[in-house]
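Pasting final_31.cif here (mmCIF, C-alpha atoms, pLDDT in the B column; chains and numbers go by the auth columns):
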```
data_upload
loop_
_atom_site.group_PDB
_atom_site.id
_atom_site.type_symbol
_atom_site.label_atom_id
_atom_site.label_comp_id
_atom_site.label_asym_id
_atom_site.label_seq_id
_atom_site.Cartn_x
_atom_site.Cartn_y
_atom_site.Cartn_z
_atom_site.B_iso_or_equiv
_atom_site.auth_seq_id
_atom_site.auth_asym_id
ATOM 1 C CA MET A 1 -0.312 77.855 -1.458 91.00 1 I
ATOM 2 C CA PHE A 2 -3.022 78.749 1.025 94.00 2 I
ATOM 3 C CA ASP A 3 -3.255 77.330 4.524 95.00 3 I
ATOM 4 C CA ALA A 4 -6.542 75.489 3.817 92.00 4 I
ATOM 5 C CA ASP A 5 -5.085 73.778 0.740 93.00 5 I
ATOM 6 C CA LEU A 6 -2.008 72.684 2.655 93.00 6 I
ATOM 7 C CA ALA A 7 -4.117 71.496 5.587 93.00 7 I
ATOM 8 C CA THR A 8 -6.051 69.271 3.170 93.00 8 I
ATOM 9 C CA LEU A 9 -2.824 67.812 1.777 90.00 9 I
ATOM 10 C CA TYR A 10 -1.416 67.240 5.258 90.00 10 I
ATOM 11 C CA ALA A 11 -4.762 65.788 6.449 90.00 11 I
ATOM 12 C CA VAL A 12 -5.132 68.220 9.351 91.00 12 I
ATOM 13 C CA GLN A 13 -7.695 70.908 10.091 92.00 13 I
ATOM 14 C CA THR A 14 -6.742 74.391 8.918 92.00 14 I
ATOM 15 C CA LYS A 15 -6.902 75.693 12.489 92.00 15 I
ATOM 16 C CA VAL A 16 -4.429 72.986 13.586 93.00 16 I
ATOM 17 C CA LEU A 17 -1.980 73.991 10.842 95.00 17 I
ATOM 18 C CA VAL A 18 -2.322 77.704 11.640 95.00 18 I
ATOM 19 C CA ARG A 19 -1.923 77.054 15.375 95.00 19 I
ATOM 20 C CA ALA A 20 1.277 75.069 14.746 95.00 20 I
ATOM 21 C CA VAL A 21 2.636 77.864 12.565 95.00 21 I
ATOM 22 C CA LYS A 22 1.802 80.548 15.130 95.00 22 I
ATOM 23 C CA ARG A 23 3.537 78.526 17.865 95.00 23 I
ATOM 24 C CA ASN A 24 6.652 78.465 15.670 95.00 24 I
ATOM 25 C CA ILE A 25 6.322 81.888 14.066 95.00 25 I
ATOM 26 C CA ASP A 26 10.110 82.494 14.152 95.00 26 I
ATOM 27 C CA ARG A 27 10.447 79.788 11.470 94.00 27 I
ATOM 28 C CA PHE A 28 8.183 81.714 9.086 96.00 28 I
ATOM 29 C CA PRO A 29 9.583 85.113 8.061 96.00 29 I
ATOM 30 C CA GLU A 30 7.670 87.230 5.518 95.00 30 I
ATOM 31 C CA ASP A 31 9.376 85.591 2.555 96.00 31 I
ATOM 32 C CA PHE A 32 8.153 82.160 3.783 96.00 32 I
ATOM 33 C CA MET A 33 4.573 83.057 4.731 96.00 33 I
ATOM 34 C CA PHE A 34 2.236 86.032 4.812 96.00 34 I
ATOM 35 C CA GLN A 35 -1.415 86.685 5.542 95.00 35 I
ATOM 36 C CA LEU A 36 -3.618 88.142 2.821 94.00 36 I
ATOM 37 C CA THR A 37 -4.890 91.661 3.434 92.00 37 I
ATOM 38 C CA GLN A 38 -8.619 92.210 3.983 91.00 38 I
ATOM 39 C CA ALA A 39 -8.893 93.652 0.441 90.00 39 I
ATOM 40 C CA GLU A 40 -7.137 90.613 -1.068 91.00 40 I
ATOM 41 C CA PHE A 41 -9.353 88.318 0.992 88.00 41 I
ATOM 42 C CA ARG A 42 -12.535 90.064 -0.225 85.00 42 I
ATOM 43 C CA ASN A 43 -11.313 89.852 -3.814 85.00 43 I
ATOM 44 C CA LEU A 44 -10.536 86.159 -3.439 81.00 44 I
ATOM 45 C CA ARG A 45 -13.963 85.457 -1.963 77.00 45 I
ATOM 46 C CA CYS A 46 -15.638 87.325 -4.846 77.00 46 I
ATOM 47 C CA GLN A 47 -13.754 85.184 -7.373 72.00 47 I
ATOM 48 C CA PHE A 48 -15.211 82.042 -5.799 65.00 48 I
ATOM 49 C CA GLY A 49 -18.702 83.546 -5.633 61.00 49 I
ATOM 50 C CA THR A 50 -19.561 82.567 -2.048 55.00 50 I
ATOM 51 C CA SER A 51 -17.816 82.346 1.271 52.00 51 I
ATOM 52 C CA SER A 52 -19.020 78.776 1.713 53.00 52 I
ATOM 53 C CA GLN A 53 -16.132 77.767 -0.551 53.00 53 I
ATOM 54 C CA TRP A 54 -13.893 78.801 2.343 51.00 54 I
ATOM 55 C CA GLY A 55 -16.097 77.283 5.024 56.00 55 I
ATOM 56 C CA GLY A 56 -17.203 80.761 6.068 67.00 56 I
ATOM 57 C CA ARG A 57 -13.821 81.663 7.485 75.00 57 I
ATOM 58 C CA ARG A 58 -13.632 85.054 9.138 80.00 58 I
ATOM 59 C CA PHE A 59 -9.925 85.742 8.810 86.00 59 I
ATOM 60 C CA PRO A 60 -7.794 86.060 5.676 92.00 60 I
ATOM 61 C CA PRO A 61 -5.815 82.927 4.847 93.00 61 I
ATOM 62 C CA PHE A 62 -2.095 82.554 5.167 96.00 62 I
ATOM 63 C CA ALA A 63 -0.161 82.056 1.941 96.00 63 I
ATOM 64 C CA PHE A 64 3.020 79.980 1.974 96.00 64 I
ATOM 65 C CA THR A 65 5.959 80.224 -0.408 93.00 65 I
ATOM 66 C CA GLU A 66 8.053 77.228 -1.417 88.00 66 I
ATOM 67 C CA GLN A 67 10.361 77.841 1.546 90.00 67 I
ATOM 68 C CA GLY A 68 7.422 78.156 3.929 93.00 68 I
ATOM 69 C CA ILE A 69 5.993 74.875 2.699 90.00 69 I
ATOM 70 C CA ALA A 70 9.361 73.226 3.274 86.00 70 I
ATOM 71 C CA MET A 71 9.374 74.574 6.827 89.00 71 I
ATOM 72 C CA LEU A 72 5.877 73.186 7.521 88.00 72 I
ATOM 73 C CA SER A 73 7.105 69.592 7.656 81.00 73 I
ATOM 74 C CA SER A 74 9.330 70.440 10.627 83.00 74 I
ATOM 75 C CA VAL A 75 6.445 72.157 12.410 89.00 75 I
ATOM 76 C CA LEU A 76 3.827 69.469 11.776 88.00 76 I
ATOM 77 C CA ASN A 77 6.373 66.678 12.265 78.00 77 I
ATOM 78 C CA SER A 78 4.358 63.663 11.190 83.00 78 I
ATOM 79 C CA PRO A 79 5.156 60.905 8.688 85.00 79 I
ATOM 80 C CA ARG A 80 2.396 62.181 6.385 85.00 80 I
ATOM 81 C CA ALA A 81 3.721 65.759 6.595 83.00 81 I
ATOM 82 C CA ILE A 82 7.161 64.550 5.560 84.00 82 I
ATOM 83 C CA ARG A 83 5.787 62.514 2.614 86.00 83 I
ATOM 84 C CA VAL A 84 3.544 65.332 1.418 85.00 84 I
ATOM 85 C CA ASN A 85 6.361 67.833 1.740 83.00 85 I
ATOM 86 C CA ILE A 86 8.673 65.694 -0.374 87.00 86 I
ATOM 87 C CA GLU A 87 6.032 65.474 -3.117 88.00 87 I
ATOM 88 C CA ILE A 88 5.403 69.229 -3.023 86.00 88 I
ATOM 89 C CA MET A 89 9.137 69.932 -3.317 85.00 89 I
ATOM 90 C CA ARG A 90 9.333 67.550 -6.285 92.00 90 I
ATOM 91 C CA ALA A 91 6.430 69.411 -7.894 89.00 91 I
ATOM 92 C CA PHE A 92 8.282 72.717 -7.497 87.00 92 I
ATOM 93 C CA VAL A 93 11.377 71.179 -9.131 91.00 93 I
ATOM 94 C CA ARG A 94 9.267 69.939 -12.069 93.00 94 I
ATOM 95 C CA LEU A 95 7.647 73.363 -12.378 91.00 95 I
ATOM 96 C CA ARG A 96 11.067 75.059 -12.553 90.00 96 I
ATOM 97 C CA ARG A 97 12.190 72.569 -15.220 93.00 97 I
ATOM 98 C CA VAL A 98 9.104 73.217 -17.341 92.00 98 I
ATOM 99 C CA SER A 99 9.531 76.963 -16.910 91.00 99 I
ATOM 100 C CA HIS A 100 13.164 76.707 -18.006 90.00 100 I
ATOM 101 C CA LEU A 101 12.239 74.607 -21.049 91.00 101 I
ATOM 102 C CA MET A 102 9.525 77.097 -21.993 91.00 102 I
ATOM 103 C CA ARG A 103 12.042 79.955 -21.882 90.00 103 I
ATOM 104 C CA ILE A 104 14.417 77.990 -24.115 91.00 104 I
ATOM 105 C CA TRP A 105 11.613 77.112 -26.533 91.00 105 I
ATOM 106 C CA SER A 106 10.363 80.709 -26.588 89.00 106 I
ATOM 107 C CA ALA A 107 13.853 82.019 -27.321 87.00 107 I
ATOM 108 C CA SER A 108 14.340 79.509 -30.149 89.00 108 I
ATOM 109 C CA CYS A 109 11.003 80.493 -31.722 89.00 109 I
ATOM 110 C CA ARG A 110 12.056 84.146 -31.842 84.00 110 I
ATOM 111 C CA ASN A 111 15.219 83.287 -33.765 72.00 111 I
#
```
Can the structure in the file be given as structure tokens, please?
Amino acid sequence: MFDADLATLYAVQTKVLVRAVKRNIDRFPEDFMFQLTQAEFRNLRCQFGTSSQWGGRRFPPFAFTEQGIAMLSSVLNSPRAIRVNIEIMRAFVRLRRVSHLMRIWSASCRN
């Protein structure tokens, strides 16, 4: 998920979320979080048609993996961050279950 999307869920400004992450950068290795390249950022902006979708941001967004999202609750450390994080983790669990069921269904259809 992108930093702006997570900031919306956590009810903080994107710059507040990014600042908290940068202050605790040791908690976010590359497999937890990475910043889009300029080329990826341009491509993403083109897909949305205008930069106003992103509030005219000048820097590429940060993308967080499931582990990075889990780490965010310890960095933001608010009751809302904890509640949102729990719901996001539950969503990832449901997504893995659906993915597993789809693999089983796909394999049974081939037989």
Just the residues within 8 Å of Asn85 of chain I, please, counting only C-alpha atoms, with nothing from its chain fewer than 5 positions along; format it as a PyMOL selection string.
chain I and resi 69-70+72-73
At a cut-off of 12 Å from (-2.1, 89.8, 3.1) in the coordinates of the file, what residues are picked up using only C-alpha atoms, written as a VMD selection string?
chain I and resid 2 30 33 to 44 59 to 64
Starting from the shown file, work through the PyMOL selection byres ((chain I and resi 20) around 12) and note down what comes out as a PDB file with C-alpha atoms, in the coordinates of the input.
```pdb
ATOM      1  CA  ASP I   3      -3.255  77.330   4.524  1.00 95.00           C
ATOM      2  CA  ALA I   7      -4.117  71.496   5.587  1.00 93.00           C
ATOM      3  CA  VAL I  12      -5.132  68.220   9.351  1.00 91.00           C
ATOM      4  CA  GLN I  13      -7.695  70.908  10.091  1.00 92.00           C
ATOM      5  CA  THR I  14      -6.742  74.391   8.918  1.00 92.00           C
ATOM      6  CA  LYS I  15      -6.902  75.693  12.489  1.00 92.00           C
ATOM      7  CA  VAL I  16      -4.429  72.986  13.586  1.00 93.00           C
ATOM      8  CA  LEU I  17      -1.980  73.991  10.842  1.00 95.00           C
ATOM      9  CA  VAL I  18      -2.322  77.704  11.640  1.00 95.00           C
ATOM     10  CA  ARG I  19      -1.923  77.054  15.375  1.00 95.00           C
ATOM     11  CA  VAL I  21       2.636  77.864  12.565  1.00 95.00           C
ATOM     12  CA  LYS I  22       1.802  80.548  15.130  1.00 95.00           C
ATOM     13  CA  ARG I  23       3.537  78.526  17.865  1.00 95.00           C
ATOM     14  CA  ASN I  24       6.652  78.465  15.670  1.00 95.00           C
ATOM     15  CA  ILE I  25       6.322  81.888  14.066  1.00 95.00           C
ATOM     16  CA  ASP I  26      10.110  82.494  14.152  1.00 95.00           C
ATOM     17  CA  ARG I  27      10.447  79.788  11.470  1.00 94.00           C
ATOM     18  CA  PHE I  28       8.183  81.714   9.086  1.00 96.00           C
ATOM     19  CA  MET I  71       9.374  74.574   6.827  1.00 89.00           C
ATOM     20  CA  LEU I  72       5.877  73.186   7.521  1.00 88.00           C
ATOM     21  CA  SER I  73       7.105  69.592   7.656  1.00 81.00           C
ATOM     22  CA  SER I  74       9.330  70.440  10.627  1.00 83.00           C
ATOM     23  CA  VAL I  75       6.445  72.157  12.410  1.00 89.00           C
ATOM     24  CA  LEU I  76       3.827  69.469  11.776  1.00 88.00           C
ATOM     25  CA  ASN I  77       6.373  66.678  12.265  1.00 78.00           C
TER      26      ASN I  77
END
```
Give me, as a tab-separated table (two decimals) with C-alpha atoms, in the coordinates of the input, all polymer residues having an atom no more than 12 Å from segment 95-110 of chain I, counting all atoms listed in the file and skipping those fewer than 6 positions away in the same chain.
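Produced file selection36.tsv, reproduced below:
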```tsv
chain	number	residue	atom	x	y	z
I	66	GLU	CA	8.05	77.23	-1.42
I	88	ILE	CA	5.40	69.23	-3.02
I	89	MET	CA	9.14	69.93	-3.32
```
As AutoDock Vina command-line options, what would the box around segment 39-46 of chain I look like: edges along x, y and z, 6 Å added on every side, centre and edge lengths in Å to one decimal?
```
--center_x -11.4 --center_y 89.6 --center_z -1.9 --size_x 20.5 --size_y 20.2 --size_z 17.8
```
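Picture a line from atom CA of Asp31 of chain I to atom CA of Gly68 of chain I; it runs 7.8 Å.
Note that the spacing between atom CA of Glu87 of chain I and atom CA of Arg57 of chain I amounts to 27.7 Å.
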Is it possible to add N, CA and C atoms to segment 89-108 of chain I and hand it back as a short mmCIF file (atom, residue, chain, number, x, y, z; two decimals), in the frame of the given file?
```cif
data_model
loop_
_atom_site.label_atom_id
_atom_site.label_comp_id
_atom_site.auth_asym_id
_atom_site.auth_seq_id
_atom_site.Cartn_x
_atom_site.Cartn_y
_atom_site.Cartn_z
N MET I 89 7.83 69.46 -2.87
CA MET I 89 9.14 69.93 -3.32
C MET I 89 9.46 69.38 -4.71
N ARG I 90 9.13 68.13 -4.95
CA ARG I 90 9.33 67.55 -6.28
C ARG I 90 8.50 68.27 -7.33
N ALA I 91 7.29 68.67 -6.97
CA ALA I 91 6.43 69.41 -7.89
C ALA I 91 7.05 70.77 -8.23
N PHE I 92 7.62 71.44 -7.23
CA PHE I 92 8.28 72.72 -7.50
C PHE I 92 9.48 72.53 -8.43
N VAL I 93 10.23 71.46 -8.25
CA VAL I 93 11.38 71.18 -9.13
C VAL I 93 10.89 70.97 -10.56
N ARG I 94 9.82 70.17 -10.72
CA ARG I 94 9.27 69.94 -12.07
C ARG I 94 8.78 71.24 -12.68
N LEU I 95 8.14 72.08 -11.89
CA LEU I 95 7.65 73.36 -12.38
C LEU I 95 8.79 74.25 -12.86
N ARG I 96 9.90 74.27 -12.12
CA ARG I 96 11.07 75.06 -12.55
C ARG I 96 11.65 74.51 -13.85
N ARG I 97 11.69 73.17 -13.98
CA ARG I 97 12.19 72.57 -15.22
C ARG I 97 11.33 72.96 -16.41
N VAL I 98 10.02 72.86 -16.25
CA VAL I 98 9.10 73.22 -17.34
C VAL I 98 9.26 74.69 -17.69
N SER I 99 9.35 75.53 -16.68
CA SER I 99 9.53 76.96 -16.91
C SER I 99 10.81 77.23 -17.69
N HIS I 100 11.88 76.56 -17.32
CA HIS I 100 13.16 76.71 -18.01
C HIS I 100 13.04 76.25 -19.46
N LEU I 101 12.41 75.11 -19.68
CA LEU I 101 12.24 74.61 -21.05
C LEU I 101 11.38 75.55 -21.89
N MET I 102 10.38 76.14 -21.27
CA MET I 102 9.52 77.10 -21.99
C MET I 102 10.31 78.34 -22.40
N ARG I 103 11.20 78.80 -21.53
CA ARG I 103 12.04 79.96 -21.88
C ARG I 103 12.96 79.61 -23.05
N ILE I 104 13.55 78.43 -23.03
CA ILE I 104 14.42 77.99 -24.12
C ILE I 104 13.61 77.89 -25.41
N TRP I 105 12.46 77.27 -25.35
CA TRP I 105 11.61 77.11 -26.53
C TRP I 105 11.18 78.46 -27.08
N SER I 106 10.79 79.38 -26.18
CA SER I 106 10.36 80.71 -26.59
C SER I 106 11.50 81.45 -27.27
N ALA I 107 12.70 81.34 -26.72
CA ALA I 107 13.85 82.02 -27.32
C ALA I 107 14.18 81.44 -28.69
N SER I 108 14.04 80.13 -28.85
CA SER I 108 14.34 79.51 -30.15
C SER I 108 13.30 79.86 -31.19
#
```
